[in-house]
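Visitor: Okay, here's the structure, questions in a sec.
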Amino acid sequence: MVPAADNRISAEDIRRRKGGVPIVCLTAYTYPVARILDPHVDLLLVGDSVAMVLHGHATTLGASLEMMVAHGQAVMRGSAKACVVVDMPTGSYEDSPAQAATSARRIVEETGCQAVKLEGGVDMAAQISAIVAEGIPVMGHIGLQPQSVEKDGGYKIKGRTEENIAALFRDAEAVETAGAFSVVIEGTMEAVAAKLTRHISIPTIGIGASADCDGQILVIDDMVGMTVDRVPIFVKEYADLRSVIADAAARYAAEVRSRAFPGPDHVFTTTSGKDET
Ligand SMILES: Nc1nc(=O)c2c([nH]1)NC[C@@H]1CN(c3ccc(C(=O)N[C@@H](CCC(=O)O)C(=O)O)cc3)CN21
Ligand SMILES: CC(C)C(=O)C(=O)O
Ligand SMILES: [Mg+2]
């Protein structure tokens, strides 16, 4: 069951924000980043993108339930206010509604997160219903679904044909009807994401979608310029941490080689301190 209510933003709080001030979401995978982001966001997603961004896997298919739980625990330790949502990894929910419910229960019990997210629409509606029936809030994820990258033959933008637009509407409706409290719309034509947002009663969270969505999400490492592999075109880099870290490493390396570091401020020279016993 879901743990007792605390002072965090709940999934229900997020649901009620449909059509209001846009919902600010970012991914987070670690304790320090959760500490830094928590005051600024409404929702932190422990995305299965962690497998690529932090672990160096080629796709999100490298994420495991154990990995999601470990990062979910770290983000819960580092945040106090945000609604924390943990992605269900590939292989943990697709087989059956019962498998989905079991995996979701494990994620919530072991992390204390507010909700889980899974990819899929009409095809995963039964899984969403089964998890919601357990009392666990579910965020949907439609449009470009990175866990289907092999099936799709790449990260293909959705909503470019009438047939695909109709499928997106069926998926959005299915996720809403199954009881999801919100839905991520990823990699979808701008006008379609905007129409989907007006069509359903739960908040849409866009990524590579539309400013008309009810909220936005980005991968934190992309947003701060820490992603070393190709960054998707819809990403805006608000900082350049790659150069900040490279510059720091270069200066440190030079100072170690010249023996400028450690200097007088960074060594122990007095005898007045207490010895450890
Ligand atoms: N660091 C990172 N940030 C992300 O946002 C992200 C990931 N990784 N990995 C998983 C998915 C993949 N993402 C992507 C990646 C590329 C496009 C993209 O530009 N697609 C183009 C090219 C398609 C192709 O050549 O096959 C398109 O027009 O569809 C979209 C979403 C978003 N997600
Ligand atoms: C980008 C978001 C929506 C995601 O699913 C992830 O980071 O895994
Ligand atoms: Mg994901």
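If you're wondering about the labels, chains in the structure tokens are A, B, ... by order shown, residues count from 1 in each chain, ligands from 1 in order shown.
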With only C-alpha atoms and all ligand atoms counted, collect every polymer residue having an atom within 7 Å of ligand 3; state the result as a VMD selection string.
Guide: chain A and resid 47 to 49 87 146
Visitor: Keeping only C-alpha atoms, take the residues you just selected and write them out as a PDB file, in the first residue's frame.
Guide:
```pdb
ATOM      1  CA  GLY A  47      13.501   8.187 -15.352  1.00  0.00           C
ATOM      2  CA  ASP A  48      14.722   4.950 -16.859  1.00  0.00           C
ATOM      3  CA  SER A  49      16.866   7.358 -18.917  1.00  0.00           C
ATOM      4  CA  ASP A  87       9.749   4.892 -14.155  1.00  0.00           C
ATOM      5  CA  PRO A 146      11.978   5.069 -25.839  1.00  0.00           C
TER       6      PRO A 146
END
```
Visitor: Kindly provide, as a VMD selection string, all nucleotide and amino acid residues lying within 7 Å of ligand 1, counting only C-alpha atoms and all ligand atoms.
Guide: chain A and resid 49 52 to 53 59 to 60 146 153 to 157 187 218 to 219 221 to 222 227 231 to 233
Visitor: Neighbouring residues of Val21 (chain A) were defined as those with any atom within 12 Å, considering only C-alpha atoms; residues of the same chain fewer than 5 positions away were excluded. Please report them as a list in words.
Guide: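 Counting only the stated atoms, we get Ile14, Arg16, Asp42, Pro203, Ala211, Asp212, Cys213, Asp214, Gly215 and Gln216 of chain A.
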Visitor: Output C-alpha atoms for every residue in the selection just made, as a CSV table (one decimal), in the first residue's frame.
Guide:
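Below you can see result_6.csv, which holds the result:
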```
chain,number,residue,atom,x,y,z
A,14,ILE,CA,-0.7,17.3,-9.8
A,16,ARG,CA,-5.8,19.1,-10.0
A,42,ASP,CA,6.7,20.3,-8.7
A,203,PRO,CA,-2.5,17.1,-17.2
A,211,ALA,CA,4.3,24.7,-24.8
A,212,ASP,CA,0.5,24.2,-24.6
A,213,CYS,CA,0.9,21.1,-22.6
A,214,ASP,CA,0.0,21.4,-18.9
A,215,GLY,CA,3.6,20.9,-17.9
A,216,GLN,CA,7.1,20.3,-19.2
```
Visitor: Which residues form the shell of 9 Å around ligand 2 when you count only C-alpha atoms and all ligand atoms, given as a PyMOL selection string?
Guide: chain A and resi 26-28+45-51+53+60+86-87+89+117-119+141+145-146+184-186+205-207+217-220
Visitor: Would you put the residues from that selection into a file with N, CA and C atoms, as a short mmCIF file (atom, residue, chain, number, x, y, z; two decimals), in the first residue's frame?
Guide:
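The result, written out as result_26.cif:
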```
data_model
loop_
_atom_site.label_atom_id
_atom_site.label_comp_id
_atom_site.auth_asym_id
_atom_site.auth_seq_id
_atom_site.Cartn_x
_atom_site.Cartn_y
_atom_site.Cartn_z
N LEU A 26 11.35 17.73 -13.80
CA LEU A 26 12.69 17.38 -14.29
C LEU A 26 12.95 15.94 -13.89
N THR A 27 13.87 15.29 -14.57
CA THR A 27 14.31 14.00 -14.07
C THR A 27 15.35 14.26 -12.97
N ALA A 28 15.53 13.29 -12.09
CA ALA A 28 16.60 13.32 -11.08
C ALA A 28 16.94 11.87 -10.81
N LEU A 45 11.07 13.12 -11.73
CA LEU A 45 10.92 11.79 -12.31
C LEU A 45 12.25 11.06 -12.26
N VAL A 46 12.25 9.91 -11.60
CA VAL A 46 13.41 9.02 -11.65
C VAL A 46 13.23 8.22 -12.93
N GLY A 47 13.74 8.77 -14.03
CA GLY A 47 13.50 8.19 -15.35
C GLY A 47 14.39 6.98 -15.60
N ASP A 48 13.86 6.07 -16.45
CA ASP A 48 14.72 4.95 -16.86
C ASP A 48 15.82 5.44 -17.79
N SER A 49 15.75 6.72 -18.19
CA SER A 49 16.87 7.36 -18.92
C SER A 49 18.14 7.31 -18.08
N VAL A 50 18.02 7.06 -16.77
CA VAL A 50 19.20 6.89 -15.91
C VAL A 50 20.17 5.86 -16.49
N ALA A 51 19.61 4.84 -17.15
CA ALA A 51 20.46 3.77 -17.70
C ALA A 51 21.42 4.32 -18.75
N VAL A 53 21.95 7.94 -19.26
CA VAL A 53 22.57 9.19 -18.84
C VAL A 53 23.65 8.97 -17.78
N THR A 60 17.37 2.92 -23.07
CA THR A 60 16.75 2.77 -21.75
C THR A 60 16.45 1.30 -21.45
N VAL A 86 8.62 7.27 -10.19
CA VAL A 86 9.69 6.37 -10.63
C VAL A 86 9.22 5.62 -11.88
N ASP A 87 10.04 5.62 -12.92
CA ASP A 87 9.75 4.89 -14.16
C ASP A 87 9.79 3.39 -13.93
N PRO A 89 10.79 -0.01 -15.44
CA PRO A 89 11.70 -0.36 -16.53
C PRO A 89 11.12 -1.44 -17.44
N LYS A 117 5.51 5.47 -13.35
CA LYS A 117 5.17 5.79 -14.74
C LYS A 117 5.50 4.59 -15.62
N LEU A 118 4.66 4.38 -16.61
CA LEU A 118 4.94 3.33 -17.60
C LEU A 118 4.58 3.81 -18.99
N GLU A 119 5.24 3.23 -19.99
CA GLU A 119 5.04 3.61 -21.39
C GLU A 119 3.95 2.76 -22.03
N HIS A 141 2.58 7.51 -20.41
CA HIS A 141 3.65 8.02 -21.28
C HIS A 141 3.33 7.56 -22.69
N GLN A 145 7.99 6.46 -27.45
CA GLN A 145 8.23 5.63 -26.27
C GLN A 145 9.61 4.99 -26.40
N PRO A 146 10.60 5.53 -25.67
CA PRO A 146 11.98 5.07 -25.84
C PRO A 146 12.18 3.57 -25.60
N VAL A 184 2.71 11.79 -19.77
CA VAL A 184 3.81 12.38 -20.54
C VAL A 184 3.50 12.20 -22.03
N ILE A 185 3.64 13.30 -22.79
CA ILE A 185 3.54 13.22 -24.25
C ILE A 185 4.92 13.55 -24.79
N GLU A 186 5.59 12.55 -25.38
CA GLU A 186 6.97 12.74 -25.83
C GLU A 186 7.08 12.69 -27.35
N ILE A 205 2.16 16.29 -19.74
CA ILE A 205 3.52 16.78 -19.48
C ILE A 205 4.32 16.58 -20.76
N GLY A 206 4.73 17.67 -21.37
CA GLY A 206 5.38 17.58 -22.68
C GLY A 206 6.89 17.47 -22.62
N ILE A 207 7.44 16.71 -23.57
CA ILE A 207 8.90 16.70 -23.82
C ILE A 207 9.05 16.51 -25.32
N ILE A 217 8.76 18.57 -19.09
CA ILE A 217 9.83 17.81 -18.44
C ILE A 217 11.03 17.74 -19.37
N LEU A 218 12.22 17.75 -18.80
CA LEU A 218 13.45 17.49 -19.55
C LEU A 218 14.32 16.57 -18.70
N VAL A 219 15.26 15.92 -19.35
CA VAL A 219 16.28 15.14 -18.65
C VAL A 219 17.27 16.13 -18.03
N ILE A 220 17.48 16.03 -16.73
CA ILE A 220 18.29 17.02 -16.02
C ILE A 220 19.69 17.18 -16.63
#
```
Visitor: For the contact check between region 162-259 of chain A and region 77-85 of chain A, emit one row per residue of region 162-259 of chain A within 12 Å, containing the shortest atom pair and the distance in Å rounded to one decimal, counting only C-alpha atoms, chain then rising number order, as JSON lines.
Guide:
```
{"residue": "A:Phe181", "atom": "CA", "partner": "A:Val85", "partner_atom": "CA", "distance": 11.5}
{"residue": "A:Ser182", "atom": "CA", "partner": "A:Val85", "partner_atom": "CA", "distance": 11.2}
{"residue": "A:Val183", "atom": "CA", "partner": "A:Val85", "partner_atom": "CA", "distance": 11.8}
{"residue": "A:Val184", "atom": "CA", "partner": "A:Val85", "partner_atom": "CA", "distance": 11.8}
```
Visitor: Please dump the current selection as a PDB file, in the first residue's frame; keep N, CA and C atoms.
Guide:
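Dumped everything to out.pdb:
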```
ATOM      1  N   PHE A 181      -3.116   9.688 -13.440  1.00  0.00           N
ATOM      2  CA  PHE A 181      -3.334  11.046 -12.910  1.00  0.00           C
ATOM      3  C   PHE A 181      -2.737  12.112 -13.818  1.00  0.00           C
ATOM      4  N   SER A 182      -1.918  11.705 -14.762  1.00  0.00           N
ATOM      5  CA  SER A 182      -1.315  12.622 -15.739  1.00  0.00           C
ATOM      6  C   SER A 182      -0.643  11.760 -16.799  1.00  0.00           C
ATOM      7  N   VAL A 183      -0.159  12.403 -17.862  1.00  0.00           N
ATOM      8  CA  VAL A 183       0.463  11.624 -18.938  1.00  0.00           C
ATOM      9  C   VAL A 183       1.573  12.429 -19.606  1.00  0.00           C
ATOM     10  N   VAL A 184       2.715  11.786 -19.775  1.00  0.00           N
ATOM     11  CA  VAL A 184       3.810  12.382 -20.545  1.00  0.00           C
ATOM     12  C   VAL A 184       3.497  12.199 -22.027  1.00  0.00           C
TER      13      VAL A 184
END
```
Visitor: As JSON, numbers by chain, which residues of region 87-196 of chain A does DSSP assign to helix (DSSP H, G or I)?
Guide: {"A": [97, 98, 99, 100, 101, 102, 103, 104, 105, 106, 107, 108, 109, 110, 111, 122, 123, 124, 125, 126, 127, 128, 129, 130, 131, 132, 133, 146, 147, 148, 149, 150, 151, 152, 162, 163, 164, 165, 166, 167, 168, 169, 170, 171, 172, 173, 174, 175, 176, 177, 190, 191, 192, 193, 194, 195, 196]}
Visitor: What is the CA of Arg170 (chain A)-CA of Asp152 (chain A) distance in Å, reported with one decimal?
Guide: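 Here the two named atoms are 18.7 Å from each other.
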Visitor: Taking into account only C-alpha atoms, which residue in the set A:Glu173, A:Glu163, A:Gly179, A:Gly112 is nearest to Ala130 (chain A)?
Guide: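 Going through A:Glu173, A:Glu163, A:Gly179, A:Gly112 one by one, the smallest distance to Ala130 (chain A) is for A:Gly179.
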Visitor: Have a look at CA of Leu241 (chain A) and CA of Leu37 (chain A) and let me know their distance in Å, one decimal.
Guide: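 Interatomic distance, CA of Leu241 (chain A) to CA of Leu37 (chain A): 15.3 Å.
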Visitor: Pick the closest to Gly56 (chain A) from A:Val228, A:Val75, A:Val149, A:Ala260: which is it, counting only C-alpha atoms?
Guide: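 Among the listed residues, A:Val228 lies closest to Gly56 (chain A).
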Visitor: Would you mind reading off the distance between CA of Met68 (chain A) and CA of Glu110 (chain A), one decimal, in Å?
Guide: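 Rounded to one decimal, the two atoms are 10.2 Å apart.
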Visitor: Restricting the calculation to only C-alpha atoms: of A:Val192, A:Ala58, A:Ala253, A:Ile107, which residue gets closest to Arg230 (chain A)?
Guide: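 Nearest candidate to Arg230 (chain A) out of A:Val192, A:Ala58, A:Ala253, A:Ile107: A:Ala58.
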Visitor: Could you pull out all residues of region 63-257 of chain A with a DSSP call of strand (DSSP E or B) and give them as an MDAnalysis selection string?
Guide: chainID A and resid 83:87 115:117 120 138:143 158 182:186 188 204:207 215:218
Visitor: Thr177 (chain A): which residues within 10 Å, counting only C-alpha atoms, same-chain residues fewer than 4 positions away excluded, as a list in words?
Guide: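 Once the adjacent positions are removed, what remains is Val122, Ala125, Ile128, Ser129, Asp171, Ala172, Glu173, Ile200, Ser201 and Ile202 of chain A.
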Visitor: Keeping only C-alpha atoms, write the selected residues to a file as a PDB file, in the first residue's frame.
Guide:
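Result file is result36.pdb:
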```pdb
ATOM      1  CA  VAL A 122      -4.334   1.244 -25.463  1.00  0.00           C
ATOM      2  CA  ALA A 125      -4.455   0.298 -20.227  1.00  0.00           C
ATOM      3  CA  ILE A 128      -2.474   1.037 -15.561  1.00  0.00           C
ATOM      4  CA  SER A 129      -5.892  -0.039 -14.166  1.00  0.00           C
ATOM      5  CA  ASP A 171      -3.832   6.132 -26.486  1.00  0.00           C
ATOM      6  CA  ALA A 172      -4.501   9.383 -24.587  1.00  0.00           C
ATOM      7  CA  GLU A 173      -8.129   8.384 -23.996  1.00  0.00           C
ATOM      8  CA  ILE A 200      -8.247  14.910 -22.099  1.00  0.00           C
ATOM      9  CA  SER A 201      -9.040  15.905 -18.517  1.00  0.00           C
ATOM     10  CA  ILE A 202      -5.701  14.907 -16.946  1.00  0.00           C
TER      11      ILE A 202
END
```
